[in-house]
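Undergrad: Take a look at run00.cif, mmCIF, C-alpha atoms:
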```cif
data_work
#
loop_
_atom_site.label_atom_id
_atom_site.label_comp_id
_atom_site.auth_asym_id
_atom_site.auth_seq_id
_atom_site.Cartn_x
_atom_site.Cartn_y
_atom_site.Cartn_z
CA MET V 1 13.98 2.59 37.71
CA THR V 2 13.95 2.48 33.90
CA ASP V 3 11.42 4.65 32.13
CA TYR V 4 10.00 4.18 28.64
CA PRO V 5 9.24 7.54 26.99
CA THR V 6 6.47 7.76 24.42
CA SER V 7 4.87 10.60 22.50
CA ILE V 8 1.89 8.50 21.37
CA GLY V 9 -0.51 7.91 24.23
CA VAL V 10 -0.93 7.46 27.96
CA SER V 11 -3.86 6.90 30.30
CA ASP V 12 -4.76 7.19 33.93
CA ALA V 13 -7.87 6.42 35.96
CA THR V 14 -9.94 9.24 34.49
CA SER V 15 -8.42 10.26 31.15
CA ILE V 16 -6.68 9.14 27.98
CA THR V 17 -4.13 11.39 26.32
CA LEU V 18 -3.20 10.79 22.69
CA LEU V 19 -0.66 12.86 20.79
CA GLY V 20 -0.83 15.52 23.48
CA HIS V 21 -4.62 15.86 23.31
CA ASP V 22 -7.42 14.60 25.48
CA LEU V 23 -8.90 11.71 23.53
CA ALA V 24 -12.49 12.06 24.74
CA SER V 25 -12.90 15.83 24.55
CA GLU V 26 -10.47 16.90 21.80
CA LEU V 27 -10.21 14.03 19.33
CA MET V 28 -13.34 11.85 19.37
CA GLY V 29 -15.88 13.20 16.90
CA GLN V 30 -13.41 15.83 15.66
CA VAL V 31 -10.66 13.79 14.00
CA SER V 32 -11.25 11.17 11.31
CA PHE V 33 -9.58 7.78 11.56
CA GLY V 34 -7.45 8.52 8.49
CA GLU V 35 -6.32 11.83 9.98
CA LEU V 36 -5.42 10.09 13.22
CA ALA V 37 -3.44 7.38 11.39
CA PHE V 38 -1.43 10.04 9.55
CA TRP V 39 -0.88 11.99 12.76
CA LEU V 40 0.20 8.94 14.77
CA VAL V 41 2.99 8.13 12.31
CA ALA V 42 4.08 11.61 11.21
CA LEU V 43 3.61 13.15 14.67
CA HIS V 44 2.06 16.20 13.06
CA ARG V 45 -1.51 16.85 12.01
CA PRO V 46 -1.98 16.67 8.23
CA ALA V 47 -3.01 19.70 6.23
CA PRO V 48 -6.32 19.25 4.39
CA GLY V 49 -4.58 18.51 1.07
CA GLU V 50 -2.25 15.99 2.68
CA LEU V 51 -5.20 14.27 4.31
CA ARG V 52 -7.09 14.06 1.00
CA VAL V 53 -4.14 12.41 -0.76
CA PHE V 54 -3.45 10.11 2.20
CA GLU V 55 -7.04 8.91 2.50
CA ALA V 56 -7.28 8.47 -1.28
CA ALA V 57 -4.30 6.12 -1.09
CA LEU V 58 -5.91 4.17 1.76
CA VAL V 59 -9.13 3.80 -0.22
CA ALA V 60 -7.16 2.68 -3.28
CA LEU V 61 -5.48 -0.08 -1.28
CA ALA V 62 -8.49 -1.28 0.72
CA ASP V 63 -9.72 -4.07 -1.55
CA HIS V 64 -9.15 -5.68 -4.91
CA GLY V 65 -11.61 -8.57 -4.92
CA PHE V 66 -10.73 -12.21 -4.30
CA THR V 67 -6.99 -11.67 -4.02
CA PRO V 68 -4.81 -14.22 -2.17
CA SER V 69 -5.11 -12.16 1.02
CA ALA V 70 -8.91 -12.21 0.88
CA ILE V 71 -8.98 -15.93 0.05
CA ALA V 72 -6.56 -16.69 2.91
CA ALA V 73 -8.75 -14.75 5.32
CA ARG V 74 -11.94 -16.47 4.17
CA LEU V 75 -10.42 -19.96 4.30
CA THR V 76 -9.00 -19.32 7.76
CA LEU V 77 -12.45 -18.32 8.94
CA THR V 78 -13.80 -21.54 7.37
CA GLY V 79 -11.39 -23.58 9.47
CA ALA V 80 -11.65 -21.47 12.62
CA PRO V 81 -14.98 -19.61 12.61
CA GLU V 82 -14.44 -18.61 16.24
CA SER V 83 -11.25 -16.69 15.34
CA LEU V 84 -12.01 -13.48 13.49
CA GLN V 85 -8.65 -12.11 14.59
CA GLY V 86 -6.87 -15.14 13.13
CA ALA V 87 -8.67 -14.80 9.82
CA LEU V 88 -7.85 -11.09 9.61
CA ALA V 89 -4.23 -11.76 10.49
CA ALA V 90 -4.01 -14.53 7.89
CA GLY V 91 -5.05 -12.11 5.19
CA LEU V 92 -2.57 -9.47 6.31
CA LEU V 93 0.33 -11.92 6.45
CA GLY V 94 0.20 -12.26 2.67
CA GLY V 95 1.23 -8.64 2.14
CA GLY V 96 4.50 -9.20 0.32
CA SER V 97 6.41 -8.52 -2.87
CA ARG V 98 3.52 -9.39 -5.19
CA PHE V 99 0.55 -8.04 -3.26
CA LEU V 100 0.44 -4.95 -0.99
CA GLY V 101 4.19 -4.94 -0.40
CA VAL V 102 4.62 -3.28 -3.79
CA THR V 103 3.59 -0.03 -2.08
CA GLU V 104 6.74 -0.18 0.04
CA ASP V 105 8.93 -1.60 -2.72
CA CYS V 106 7.99 1.14 -5.16
CA GLY V 107 8.45 3.92 -2.63
CA ARG V 108 11.86 2.53 -1.69
CA PHE V 109 12.91 2.14 -5.35
CA LEU V 110 11.90 5.72 -6.19
CA ALA V 111 13.58 7.15 -3.08
CA ALA V 112 16.82 5.35 -3.91
CA ALA V 113 16.76 6.60 -7.50
CA LEU V 114 16.20 10.17 -6.32
CA ALA V 115 18.94 9.90 -3.70
CA ALA V 116 21.40 8.59 -6.30
CA HIS V 117 20.62 11.58 -8.52
CA GLY V 118 21.60 14.07 -5.83
CA ASP V 119 20.03 17.28 -4.61
CA ALA V 120 19.48 18.91 -8.01
CA LEU V 121 16.20 17.43 -9.23
CA PRO V 122 15.12 17.62 -12.89
CA GLN V 123 13.30 20.76 -13.91
CA ASP V 124 11.33 19.44 -16.90
CA ASP V 125 9.86 16.26 -18.35
CA ALA V 126 12.99 15.56 -20.38
CA GLY V 127 15.07 15.54 -17.21
CA TRP V 128 12.62 13.29 -15.38
CA ASP V 129 12.51 10.95 -18.37
CA ALA V 130 16.30 10.65 -18.42
CA LEU V 131 16.34 9.86 -14.69
CA ALA V 132 13.56 7.31 -15.17
CA ILE V 133 15.40 5.53 -17.98
CA THR V 134 18.52 5.28 -15.82
CA ALA V 135 16.56 3.94 -12.83
CA VAL V 136 14.74 1.31 -14.90
CA TRP V 137 17.89 0.28 -16.76
CA GLU V 138 19.85 -0.19 -13.51
CA ARG V 139 17.03 -2.26 -12.07
CA ARG V 140 16.90 -4.47 -15.14
CA GLU V 141 20.69 -4.84 -15.22
CA ALA V 142 20.51 -6.14 -11.65
CA GLY V 143 17.99 -8.76 -12.79
CA GLN V 144 15.16 -7.24 -10.75
CA LEU V 145 11.63 -6.28 -11.64
CA VAL V 146 10.65 -2.63 -11.57
CA PRO V 147 8.17 -2.22 -8.69
CA GLY V 148 5.00 -0.42 -9.66
CA LEU V 149 4.99 -1.70 -13.24
CA GLY V 150 2.39 -4.22 -14.41
CA HIS V 151 -0.79 -5.70 -13.00
CA PRO V 152 -2.29 -9.20 -13.31
CA VAL V 153 -5.80 -7.84 -13.99
CA HIS V 154 -5.43 -4.28 -15.30
CA LYS V 155 -3.31 -5.11 -18.33
CA THR V 156 -3.86 -1.84 -20.16
CA GLY V 157 -4.14 0.58 -17.26
CA ASP V 158 -4.89 0.58 -13.54
CA PRO V 159 -7.78 3.01 -12.93
CA ARG V 160 -6.41 3.97 -9.52
CA THR V 161 -3.22 5.45 -10.93
CA PRO V 162 -4.56 8.43 -12.90
CA ALA V 163 -7.08 9.11 -10.13
CA LEU V 164 -4.42 9.45 -7.44
CA LEU V 165 -2.12 11.43 -9.72
CA ARG V 166 -4.99 13.85 -10.38
CA ILE V 167 -5.81 14.22 -6.69
CA ALA V 168 -2.17 14.88 -5.80
CA ALA V 169 -1.91 17.47 -8.58
CA GLU V 170 -5.10 19.19 -7.44
CA GLU V 171 -3.65 19.52 -3.93
CA GLY V 172 -0.23 20.69 -5.13
CA LEU V 173 1.35 17.52 -3.75
CA LYS V 174 2.76 15.88 -6.86
CA GLY V 175 6.32 15.71 -5.59
CA PRO V 176 9.49 14.11 -6.90
CA HIS V 177 8.43 10.50 -6.24
CA LEU V 178 5.22 10.89 -8.26
CA LYS V 179 7.01 12.82 -11.00
CA LEU V 180 9.60 10.08 -11.34
CA PHE V 181 6.87 7.43 -11.26
CA GLU V 182 5.04 9.19 -14.09
CA ALA V 183 8.28 9.40 -16.06
CA ILE V 184 8.82 5.66 -15.62
CA GLY V 185 5.38 5.16 -17.13
CA ARG V 186 6.38 7.25 -20.16
CA THR V 187 9.80 5.71 -20.75
CA HIS V 188 10.06 2.15 -19.46
CA SER V 189 9.09 0.50 -22.75
CA ALA V 190 12.30 1.79 -24.34
CA VAL V 191 14.28 -0.21 -21.76
CA ILE V 192 12.25 -3.37 -21.26
CA GLY V 193 10.78 -3.67 -24.74
CA LYS V 194 7.11 -3.68 -23.79
CA THR V 195 4.55 -1.36 -22.25
CA LEU V 196 3.16 -2.12 -18.81
CA PRO V 197 0.66 -0.14 -16.72
CA LEU V 198 1.68 1.83 -13.67
CA ASN V 199 -0.17 -0.02 -10.92
CA GLY V 200 -2.19 1.29 -8.00
CA ALA V 201 0.08 -0.07 -5.29
CA GLY V 202 3.03 1.68 -6.89
CA VAL V 203 1.34 5.04 -7.25
CA CYS V 204 0.23 4.83 -3.61
CA GLY V 205 3.83 4.22 -2.56
CA ALA V 206 4.97 7.24 -4.57
CA ALA V 207 2.21 9.46 -3.17
CA LEU V 208 2.87 8.40 0.42
CA ALA V 209 6.59 9.01 -0.05
CA ASP V 210 5.81 12.50 -1.35
CA LEU V 211 3.84 13.08 1.85
CA GLY V 212 7.11 12.58 3.71
CA PHE V 213 6.71 9.04 4.99
CA ASP V 214 9.79 6.86 5.16
CA ALA V 215 9.79 3.76 2.97
CA ASP V 216 9.88 1.56 6.08
CA MET V 217 6.34 2.70 6.96
CA LEU V 218 4.67 2.31 3.57
CA ARG V 219 3.75 -1.36 3.82
CA GLY V 220 2.14 -0.62 7.16
CA PHE V 221 -0.25 1.82 5.48
CA ALA V 222 -1.07 -0.76 2.82
CA LEU V 223 -1.88 -3.27 5.55
CA LEU V 224 -3.93 -0.70 7.46
CA ALA V 225 -6.02 -0.10 4.34
CA ARG V 226 -6.36 -3.77 3.46
CA ALA V 227 -7.53 -4.57 7.01
CA ALA V 228 -10.73 -2.68 6.20
CA GLY V 229 -11.22 -4.63 2.98
CA LEU V 230 -10.54 -7.93 4.71
CA LEU V 231 -13.03 -7.10 7.44
CA GLY V 232 -15.61 -6.57 4.72
CA HIS V 233 -14.75 -9.94 3.16
CA LEU V 234 -15.04 -11.66 6.53
CA ALA V 235 -18.40 -10.04 7.24
CA GLU V 236 -19.59 -11.26 3.84
CA GLU V 237 -18.11 -14.69 4.54
CA MET V 238 -20.23 -14.92 7.68
CA ARG V 239 -23.35 -13.94 5.74
CA ASN V 240 -22.70 -15.93 2.59
CA PRO V 241 -19.77 -18.37 2.92
CA ALA V 242 -17.48 -18.85 -0.07
CA GLY V 243 -14.68 -20.58 1.83
CA PRO V 244 -16.18 -24.09 1.81
CA GLY V 245 -16.67 -23.90 -1.96
CA ILE V 246 -13.12 -22.67 -2.51
CA TYR V 247 -11.86 -25.55 -0.39
CA ARG V 248 -13.94 -28.11 -2.30
CA ALA V 249 -12.81 -26.74 -5.67
CA ALA V 250 -9.17 -27.01 -4.63
CA ASP V 251 -9.64 -30.49 -3.15
CA GLU V 252 -11.38 -31.77 -6.29
CA SER V 253 -8.60 -30.41 -8.48
CA ILE V 254 -5.77 -32.19 -6.69
CA ARG V 255 -3.85 -34.64 -8.87
CA TYR V 256 -1.60 -36.81 -6.76
CA VAL V 257 1.81 -37.57 -8.25
CA LEU V 258 4.14 -40.16 -6.75
CA PRO V 259 7.41 -38.67 -5.54
CA GLU V 260 10.42 -39.37 -7.68
CA SER V 261 12.74 -41.96 -6.20
#
```
Can the structure in the file be given as structure tokens, please?

TA:
Amino acid sequence: MTDYPTSIGVSDATSITLLGHDLASELMGQVSFGELAFWLVALHRPAPGELRVFEAALVALADHGFTPSAIAARLTLTGAPESLQGALAAGLLGGGSRFLGVTEDCGRFLAAALAAHGDALPQDDAGWDALAITAVWERREAGQLVPGLGHPVHKTGDPRTPALLRIAAEEGLKGPHLKLFEAIGRTHSAVIGKTLPLNGAGVCGAALADLGFDADMLRGFALLARAAGLLGHLAEEMRNPAGPGIYRAADESIRYVLPES
């Protein structure tokens, strides 16, 4: 008989075991949801400083107003008011290279730049700046955008970025990914010819990478955070619907053009 080993959870008729602990007596009321999310992925309980940085990143990613993900969720609820799960899923499915997915993309970009540099990391700002210039230049030479740079709303600075950098510094958790990200903020204009803000999704990716999470997991944390924001949007949509108005505005703006023959 084939068995399927797991270190996450198991249950029987009278108990539930999660991460080696009794769920009812050892975890409920004693472990926050953010702490549990960290623990489930890392398979170790976060230290208080790690938890503070981790939860700050989740809060930073939870909501950003009427983004495409929120609009998709609201419109799905308009069309299928009986399907809260469908509306929530619709919002999450939009987590890609322009929204939410930047958290993963930035973490992956920074990790690759650090790996290419080797084991000897820079010891001062000048060294980090040189590494940043190389990383940005190589990205631009490949015809690719630099993840974590720029924001459609926060043109002159994303307020989440300095806040998370400060929290990480206070907890002694500003590691190589955040240091390189900061250096990119200082130096990128010399390569691309203009100054762009370091965005919140990017700084969250850098902070999560410094906590030891693999780049493959980072988008999952962004989606976990955004699920809370989307649930808030859907609750508001039930109380005060915006979806029908969004639909009408789009419908009234359609200009039909005959297809070219």

Undergrad: Just to confirm, what's the straight-line distance from CA of Val10 (chain V) to CA of Val41 (chain V) in Å (one decimal)?

TA: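 Going from CA of Val10 (chain V) over to CA of Val41 (chain V) covers 16.1 Å.
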
Undergrad: List every residue of region 30-147 of chain V that has an atom at most 8 Å from any atom of region 197-211 of chain V, and for each one report the closest atom pair and its distance in Å to one decimal, counting all atoms listed in the file, with rows sorted by chain and then by increasing residue number, as a tab-separated table.

TA:
```
residue	atom	partner	partner_atom	distance
V:Glu50	CA	V:Leu211	CA	6.8
V:Val53	CA	V:Ala207	CA	7.4
V:Phe54	CA	V:Leu208	CA	6.8
V:Ala57	CA	V:Cys204	CA	5.3
V:Ala60	CA	V:Gly200	CA	7.0
V:Leu61	CA	V:Ala201	CA	6.9
V:Leu100	CA	V:Ala201	CA	6.5
V:Val102	CA	V:Ala201	CA	5.8
V:Thr103	CA	V:Gly205	CA	4.3
V:Glu104	CA	V:Gly205	CA	5.9
V:Asp105	CA	V:Gly205	CA	7.7
V:Cys106	CA	V:Gly202	CA	5.3
V:Gly107	CA	V:Gly205	CA	4.6
V:Leu110	CA	V:Ala206	CA	7.3
V:Ala111	CA	V:Ala209	CA	7.8
V:Pro147	CA	V:Gly202	CA	6.7
```

Undergrad: Do you know which residues are at most 12 Å from Glu171 (chain V) counting all atoms listed in the file, after dropping those on the same chain fewer than 3 positions away, and could you put them as a list in words?

TA: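 In the requested form, the answer reads Ala47, Pro48, Gly49, Glu50, Leu51, Arg52, Val53, Phe54, Ala56, Leu164, Leu165, Arg166, Ile167, Ala168, Lys174, Gly175, Ala207 and Leu211 of chain V.
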
Undergrad: So what does the PyMOL selection byres ((chain V and resi 196) around 12) actually pick up in this one, as a PDB file with C-alpha atoms, keeping the file's coordinate frame?

TA:
```
ATOM      1  CA  LEU V 145      11.630  -6.280 -11.640  1.00  0.00           C
ATOM      2  CA  VAL V 146      10.650  -2.630 -11.570  1.00  0.00           C
ATOM      3  CA  PRO V 147       8.170  -2.220  -8.690  1.00  0.00           C
ATOM      4  CA  GLY V 148       5.000  -0.420  -9.660  1.00  0.00           C
ATOM      5  CA  LEU V 149       4.990  -1.700 -13.240  1.00  0.00           C
ATOM      6  CA  GLY V 150       2.390  -4.220 -14.410  1.00  0.00           C
ATOM      7  CA  HIS V 151      -0.790  -5.700 -13.000  1.00  0.00           C
ATOM      8  CA  PRO V 152      -2.290  -9.200 -13.310  1.00  0.00           C
ATOM      9  CA  VAL V 153      -5.800  -7.840 -13.990  1.00  0.00           C
ATOM     10  CA  HIS V 154      -5.430  -4.280 -15.300  1.00  0.00           C
ATOM     11  CA  LYS V 155      -3.310  -5.110 -18.330  1.00  0.00           C
ATOM     12  CA  THR V 156      -3.860  -1.840 -20.160  1.00  0.00           C
ATOM     13  CA  GLY V 157      -4.140   0.580 -17.260  1.00  0.00           C
ATOM     14  CA  ASP V 158      -4.890   0.580 -13.540  1.00  0.00           C
ATOM     15  CA  ILE V 184       8.820   5.660 -15.620  1.00  0.00           C
ATOM     16  CA  GLY V 185       5.380   5.160 -17.130  1.00  0.00           C
ATOM     17  CA  ARG V 186       6.380   7.250 -20.160  1.00  0.00           C
ATOM     18  CA  THR V 187       9.800   5.710 -20.750  1.00  0.00           C
ATOM     19  CA  HIS V 188      10.060   2.150 -19.460  1.00  0.00           C
ATOM     20  CA  SER V 189       9.090   0.500 -22.750  1.00  0.00           C
ATOM     21  CA  ALA V 190      12.300   1.790 -24.340  1.00  0.00           C
ATOM     22  CA  VAL V 191      14.280  -0.210 -21.760  1.00  0.00           C
ATOM     23  CA  ILE V 192      12.250  -3.370 -21.260  1.00  0.00           C
ATOM     24  CA  GLY V 193      10.780  -3.670 -24.740  1.00  0.00           C
ATOM     25  CA  LYS V 194       7.110  -3.680 -23.790  1.00  0.00           C
ATOM     26  CA  THR V 195       4.550  -1.360 -22.250  1.00  0.00           C
ATOM     27  CA  PRO V 197       0.660  -0.140 -16.720  1.00  0.00           C
ATOM     28  CA  LEU V 198       1.680   1.830 -13.670  1.00  0.00           C
ATOM     29  CA  ASN V 199      -0.170  -0.020 -10.920  1.00  0.00           C
TER      30      ASN V 199
END
```

Undergrad: What does the structure give for the distance between CA of Ile254 (chain V) and CA of Thr67 (chain V), in Å to one decimal?

TA: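 Between these atoms lies a distance of 20.7 Å.
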
Undergrad: On this file, the PyMOL selection byres ((chain V and resi 218-234) around 6) gives some set of residues; write that set as a VMD selection string.

TA: chain V and resid 58 61 to 63 70 100 to 101 104 215 to 217 235 to 237

Undergrad: Env of Ala115 (chain V): 12 Å cut, atoms = all atoms listed in the file, seq-sep filter 4 positions within chain, self excluded. Answer as a PyMOL selection string.

TA: chain V and resi 108-111+119-121+131+135+176-177

Undergrad: Nearest to Pro122 (chain V): which of V:Tyr4, V:Ala183, V:Leu92, V:Ala72 is it, counting all atoms listed in the file?

TA: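 Checking each of V:Tyr4, V:Ala183, V:Leu92, V:Ala72 against Pro122 (chain V), counting all atoms listed in the file, the winner is V:Ala183.
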
Undergrad: Take the PyMOL selection byres ((chain V and resi 19) around 8), apply it to the structure above, and return the hits as a list in words.

TA: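 So the PyMOL selection byres ((chain V and resi 19) around 8) ends up selecting Ser7, Ile8, Gly9, Thr17, Leu18, Gly20, His21, Leu40 and Leu43 of chain V.
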
Undergrad: Could you check how far CA of Met28 (chain V) sits from CA of Ala89 (chain V), in Å to one decimal?

TA: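 The value is 26.8 Å.
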
Undergrad: Return the single residue from V:Gly91, V:Pro81, V:Glu26, V:Ala112 that is closest to Arg139 (chain V), with distances computed using only C-alpha atoms.

TA: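 Nearest to Arg139 (chain V): V:Ala112.
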
Undergrad: Using only C-alpha atoms, which of V:Phe38, V:Trp128, V:Phe213, V:Phe99 sits nearest His64 (chain V)?

TA: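 Answer, going by the shortest atom-to-atom distance: V:Phe99.
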
Undergrad: Determine the nearest neighbour of Pro46 (chain V) from the options V:Lys179, V:Ser32, V:Asn240, V:Ala249, counting all atoms listed in the file.

TA: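 Using all atoms listed in the file, the shortest distance to Pro46 (chain V) belongs to V:Ser32.
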
Undergrad: Smallest atom-to-atom distance to Ala163 (chain V): which of V:Ile133, V:Met238, V:Val59, V:Ala24, using all atoms listed in the file?

TA: V:Val59

Undergrad: Save region 40-50 of chain V from what I just supplied, as a compact mmCIF listing (two decimals), in the first residue's frame, atoms limited to all heavy atoms.

TA:
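For reference, out-v4.txt as written:
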```txt
# COMPACT_ATOMS: atom_id res chain seq x y z
N LEU V 40 3.76 27.23 8.62
CA LEU V 40 3.34 26.20 7.67
C LEU V 40 4.28 26.08 6.48
O LEU V 40 4.54 24.99 5.96
CB LEU V 40 1.92 26.48 7.18
CG LEU V 40 0.79 26.13 8.13
CD1 LEU V 40 -0.51 26.79 7.68
CD2 LEU V 40 0.62 24.61 8.23
N VAL V 41 4.81 27.22 6.03
CA VAL V 41 5.69 27.21 4.86
C VAL V 41 7.13 26.93 5.26
O VAL V 41 7.82 26.11 4.64
CB VAL V 41 5.58 28.55 4.10
CG1 VAL V 41 6.57 28.57 2.93
CG2 VAL V 41 4.16 28.76 3.60
N ALA V 42 7.61 27.62 6.30
CA ALA V 42 9.01 27.48 6.70
C ALA V 42 9.28 26.22 7.49
O ALA V 42 10.41 25.76 7.59
CB ALA V 42 9.43 28.71 7.51
N LEU V 43 8.22 25.66 8.08
CA LEU V 43 8.32 24.50 8.97
C LEU V 43 9.16 24.79 10.21
O LEU V 43 9.75 23.89 10.80
CB LEU V 43 8.84 23.26 8.23
CG LEU V 43 7.90 22.69 7.18
CD1 LEU V 43 8.50 21.45 6.53
CD2 LEU V 43 6.54 22.35 7.79
N HIS V 44 9.24 26.06 10.57
CA HIS V 44 9.77 26.43 11.88
C HIS V 44 9.03 27.67 12.35
O HIS V 44 8.60 28.49 11.54
CB HIS V 44 11.29 26.67 11.85
CG HIS V 44 11.72 27.89 11.08
ND1 HIS V 44 11.71 29.16 11.61
CD2 HIS V 44 12.18 28.02 9.82
CE1 HIS V 44 12.15 30.02 10.72
NE2 HIS V 44 12.44 29.36 9.62
N ARG V 45 8.88 27.79 13.65
CA ARG V 45 8.14 28.90 14.21
C ARG V 45 8.96 30.19 14.10
O ARG V 45 10.15 30.20 14.41
CB ARG V 45 7.81 28.61 15.67
CG ARG V 45 6.76 29.52 16.27
CD ARG V 45 6.28 28.97 17.59
NE ARG V 45 5.18 29.74 18.14
CZ ARG V 45 4.47 29.37 19.20
NH1 ARG V 45 4.76 28.23 19.82
NH2 ARG V 45 3.48 30.13 19.64
N PRO V 46 8.38 31.28 13.63
CA PRO V 46 9.16 32.50 13.48
C PRO V 46 9.54 33.12 14.82
O PRO V 46 8.78 33.06 15.79
CB PRO V 46 8.22 33.43 12.70
CG PRO V 46 6.85 32.96 13.07
CD PRO V 46 6.97 31.47 13.23
N ALA V 47 10.73 33.73 14.85
CA ALA V 47 11.10 34.55 15.99
C ALA V 47 10.25 35.81 15.97
O ALA V 47 9.69 36.17 14.93
CB ALA V 47 12.59 34.91 15.90
N PRO V 48 10.12 36.50 17.09
CA PRO V 48 9.27 37.69 17.13
C PRO V 48 9.61 38.72 16.05
O PRO V 48 8.71 39.29 15.43
CB PRO V 48 9.51 38.24 18.54
CG PRO V 48 9.83 37.03 19.35
CD PRO V 48 10.63 36.15 18.44
N GLY V 49 10.90 38.97 15.80
CA GLY V 49 11.28 39.94 14.77
C GLY V 49 10.89 39.47 13.39
O GLY V 49 10.42 40.26 12.56
N GLU V 50 11.08 38.19 13.13
CA GLU V 50 10.69 37.63 11.83
C GLU V 50 9.19 37.77 11.63
O GLU V 50 8.72 38.11 10.53
CB GLU V 50 11.09 36.16 11.75
CG GLU V 50 12.57 35.91 11.70
CD GLU V 50 12.91 34.43 11.71
OE1 GLU V 50 12.27 33.68 12.49
OE2 GLU V 50 13.81 34.02 10.95
```
